[in-house]
Structures are given as structure tokens and as C-alpha cells.
Amino acid sequence: MPISQSGLPQQAGSREMRKRLEKIKDELMALHRDMYWMAQDQSSPEQQQQKVSELDFDQLMDLKLAVDNMRELLWKYVDAAAEVEPERVQQAMESHRVRRVSQLLQLLRERLGHYPDQQQPVSFIEKVSAVIKEKLAGHGGKAA
């Protein structure tokens, strides 16, 4: 049985790698959600300034560098895999797109569900439309 660089049999190494990838993915998604809501917080400018000053920018830049490097490596891995198994990679890419859209809609649903001034229940689509109109009005009616 082939041995991986970690000294474990390759099959055990692959299993451990899948576990690590899943754990890192979950942690990054949780971090993304927390940072997203922190950035979207409607608190006062003083409170926003305090939150920003609490962050360690060197640590943020180190994380950004690590994520950038990993992203580049992952794209190379996907490109190499696409040459070997193009149908499988295509299916995975389609699945990924659906998950991203679902995540965006979930974030929108959570964000739009926090308006206490609504007197009666409003549909999700009506809330999205209202937010889009509000954002467009703030930009002089022009889309970004």
C-alpha cells in the first residue's frame, strides 16, 4: 500500500484530508457569516469604529494571503481534475453554483427578516424588491 507524505497509508491519508477539508470549510463558512453580519450591522458610526479597531489587521491580512494561496491552488487542482474527469468536474461546478445561489438567498432571507417596522407579513420577493429599490434610490437610481 502506498504511503503518503504524512507517513500514513494513502487511503488513511485521503480520509484524514477529507475530514480536514470539511472542518476547514465549515470554519470558513462560519467566519464568513460572522464577518458578513458584522459588516452589515446598522449600529452607530462610533460602534462601527470600535468593532473595526478591535480587529487585528495583520491577522486579517495573513488569513487573506492564506486564502488567496489556497484559492489559486484549488483552481489548479480543479483544472487538472477537469482534464481527467470533465463530466464529474462539470457536475461538481453546477452543484457549487446552486449552493452559492442558495447561500445568497439564505443571507438575504436572514437580512430581510430583521425589519421590525413591518406591520403585516410581506413575502420574501416583496422584501427583496423593496431592498433593491431602496439601494437603487440611494445610488441615484442607477445599478452598480
# chains A, B, ... in the order shown; residues from 1 in each chain; ligands from 1

$ residues_around --residues "Ala81 of chain A" --least-positions-apart "6" --cutoff "12 Å" --atoms "only C-alpha atoms" --output "list in words"
Leu74, Trp75, Glu87, Arg88, Val89, Gln90, Ala92 and Met93 of chain A

$ residues_around --residues "Lys51 of chain A" --least-positions-apart "3" --cutoff "12 Å" --atoms "only C-alpha atoms" --output "list in words"
Met35, Trp37, Met38, Ala39, Gln40, Asp41, Ser43, Ser44, Pro45, Glu46, Gln47, Gln48, Glu54, Leu55 and Asp56 of chain A

$ write_last_selection --atoms "C-alpha atoms" --output "compact mmCIF listing (two decimals), in the first residue's frame"
# COMPACT_ATOMS: atom_id res chain seq x y z
CA MET A 35 -17.92 38.82 9.37
CA TRP A 37 -23.21 40.27 9.74
CA MET A 38 -20.60 42.40 11.48
CA ALA A 39 -20.13 44.39 8.25
CA GLN A 40 -23.90 44.69 7.72
CA ASP A 41 -24.61 45.84 11.26
CA SER A 43 -25.03 50.36 14.52
CA SER A 44 -23.83 53.90 15.07
CA PRO A 45 -20.57 55.11 13.48
CA GLU A 46 -18.91 55.06 16.92
CA GLN A 47 -19.90 51.43 17.47
CA GLN A 48 -18.73 50.50 13.95
CA GLU A 54 -10.87 45.52 17.66
CA LEU A 55 -9.76 43.57 14.57
CA ASP A 56 -6.11 42.62 14.14

$ residues_around --residues "segment 22-28 of chain A" --least-positions-apart "4" --cutoff "12 Å" --atoms "only C-alpha atoms" --output "PDB file with C-alpha atoms, in the first residue's frame"
ATOM      1  CA  ARG A  15      -9.683  10.061   4.648  1.00  0.00           C
ATOM      2  CA  GLU A  16      -7.895  12.448   7.014  1.00  0.00           C
ATOM      3  CA  MET A  17      -7.561  15.040   4.238  1.00  0.00           C
ATOM      4  CA  ARG A  18     -11.309  14.861   3.539  1.00  0.00           C
ATOM      5  CA  HIS A  32     -17.808  34.402   6.581  1.00  0.00           C
ATOM      6  CA  ARG A  33     -21.272  34.518   8.141  1.00  0.00           C
ATOM      7  CA  ASP A  34     -19.985  36.266  11.293  1.00  0.00           C
ATOM      8  CA  MET A  35     -17.924  38.825   9.372  1.00  0.00           C
ATOM      9  CA  TYR A  36     -20.786  39.426   6.932  1.00  0.00           C
ATOM     10  CA  LEU A  63      -5.671  34.996   6.572  1.00  0.00           C
ATOM     11  CA  LYS A  64      -6.266  36.733   3.245  1.00  0.00           C
ATOM     12  CA  ALA A  66      -3.529  32.011   3.069  1.00  0.00           C
ATOM     13  CA  VAL A  67      -6.979  32.036   1.425  1.00  0.00           C
ATOM     14  CA  MET A  70      -5.292  28.152  -1.337  1.00  0.00           C
TER      15      MET A  70
END

$ atom_distance --atom1 "atom CA of Phe124 of chain A" --atom2 "atom CA of Glu110 of chain A"
10.2 Å

$ residues_around --residues "Val128 of chain A" --least-positions-apart "4" --cutoff "12 Å" --atoms "only C-alpha atoms" --output "PyMOL selection string"
chain A and resi 104-113+122-124+132-135

$ write_last_selection --atoms "N, CA and C atoms" --output "PDB file, in the first residue's frame"
ATOM      1  N   LEU A 104     -26.711  32.751  -0.939  1.00  0.00           N
ATOM      2  CA  LEU A 104     -27.065  34.159  -1.124  1.00  0.00           C
ATOM      3  C   LEU A 104     -28.512  34.402  -0.734  1.00  0.00           C
ATOM      4  N   LEU A 105     -29.399  33.535  -1.191  1.00  0.00           N
ATOM      5  CA  LEU A 105     -30.814  33.692  -0.840  1.00  0.00           C
ATOM      6  C   LEU A 105     -31.035  33.546   0.662  1.00  0.00           C
ATOM      7  N   GLN A 106     -30.300  32.633   1.287  1.00  0.00           N
ATOM      8  CA  GLN A 106     -30.420  32.469   2.742  1.00  0.00           C
ATOM      9  C   GLN A 106     -29.966  33.731   3.467  1.00  0.00           C
ATOM     10  N   LEU A 107     -28.837  34.310   3.030  1.00  0.00           N
ATOM     11  CA  LEU A 107     -28.369  35.560   3.638  1.00  0.00           C
ATOM     12  C   LEU A 107     -29.392  36.674   3.442  1.00  0.00           C
ATOM     13  N   LEU A 108     -29.965  36.749   2.253  1.00  0.00           N
ATOM     14  CA  LEU A 108     -30.993  37.757   2.007  1.00  0.00           C
ATOM     15  C   LEU A 108     -32.199  37.538   2.901  1.00  0.00           C
ATOM     16  N   ARG A 109     -32.619  36.294   3.027  1.00  0.00           N
ATOM     17  CA  ARG A 109     -33.772  35.981   3.872  1.00  0.00           C
ATOM     18  C   ARG A 109     -33.502  36.383   5.323  1.00  0.00           C
ATOM     19  N   GLU A 110     -32.312  36.058   5.820  1.00  0.00           N
ATOM     20  CA  GLU A 110     -31.963  36.425   7.199  1.00  0.00           C
ATOM     21  C   GLU A 110     -31.908  37.936   7.351  1.00  0.00           C
ATOM     22  N   ARG A 111     -31.293  38.595   6.381  1.00  0.00           N
ATOM     23  CA  ARG A 111     -31.145  40.049   6.445  1.00  0.00           C
ATOM     24  C   ARG A 111     -32.493  40.748   6.386  1.00  0.00           C
ATOM     25  N   LEU A 112     -33.356  40.276   5.510  1.00  0.00           N
ATOM     26  CA  LEU A 112     -34.651  40.926   5.329  1.00  0.00           C
ATOM     27  C   LEU A 112     -35.627  40.577   6.442  1.00  0.00           C
ATOM     28  N   GLY A 113     -35.365  39.556   7.180  1.00  0.00           N
ATOM     29  CA  GLY A 113     -36.260  39.160   8.260  1.00  0.00           C
ATOM     30  C   GLY A 113     -36.105  39.985   9.519  1.00  0.00           C
ATOM     31  N   VAL A 122     -44.855  40.215   4.876  1.00  0.00           N
ATOM     32  CA  VAL A 122     -44.589  40.538   3.489  1.00  0.00           C
ATOM     33  C   VAL A 122     -43.803  39.360   2.913  1.00  0.00           C
ATOM     34  N   SER A 123     -44.097  39.029   1.660  1.00  0.00           N
ATOM     35  CA  SER A 123     -43.413  37.891   1.060  1.00  0.00           C
ATOM     36  C   SER A 123     -41.923  38.176   0.896  1.00  0.00           C
ATOM     37  N   PHE A 124     -41.167  37.129   0.779  1.00  0.00           N
ATOM     38  CA  PHE A 124     -39.732  37.234   0.593  1.00  0.00           C
ATOM     39  C   PHE A 124     -39.410  38.054  -0.660  1.00  0.00           C
ATOM     40  N   ILE A 132     -33.965  46.243  -2.921  1.00  0.00           N
ATOM     41  CA  ILE A 132     -33.317  46.641  -4.175  1.00  0.00           C
ATOM     42  C   ILE A 132     -33.718  48.063  -4.545  1.00  0.00           C
ATOM     43  N   LYS A 133     -35.012  48.371  -4.442  1.00  0.00           N
ATOM     44  CA  LYS A 133     -35.472  49.733  -4.742  1.00  0.00           C
ATOM     45  C   LYS A 133     -34.811  50.748  -3.805  1.00  0.00           C
ATOM     46  N   GLU A 134     -34.713  50.408  -2.531  1.00  0.00           N
ATOM     47  CA  GLU A 134     -34.095  51.294  -1.552  1.00  0.00           C
ATOM     48  C   GLU A 134     -32.625  51.538  -1.895  1.00  0.00           C
ATOM     49  N   LYS A 135     -31.904  50.480  -2.268  1.00  0.00           N
ATOM     50  CA  LYS A 135     -30.484  50.615  -2.619  1.00  0.00           C
ATOM     51  C   LYS A 135     -30.322  51.424  -3.897  1.00  0.00           C
TER      52      LYS A 135
END
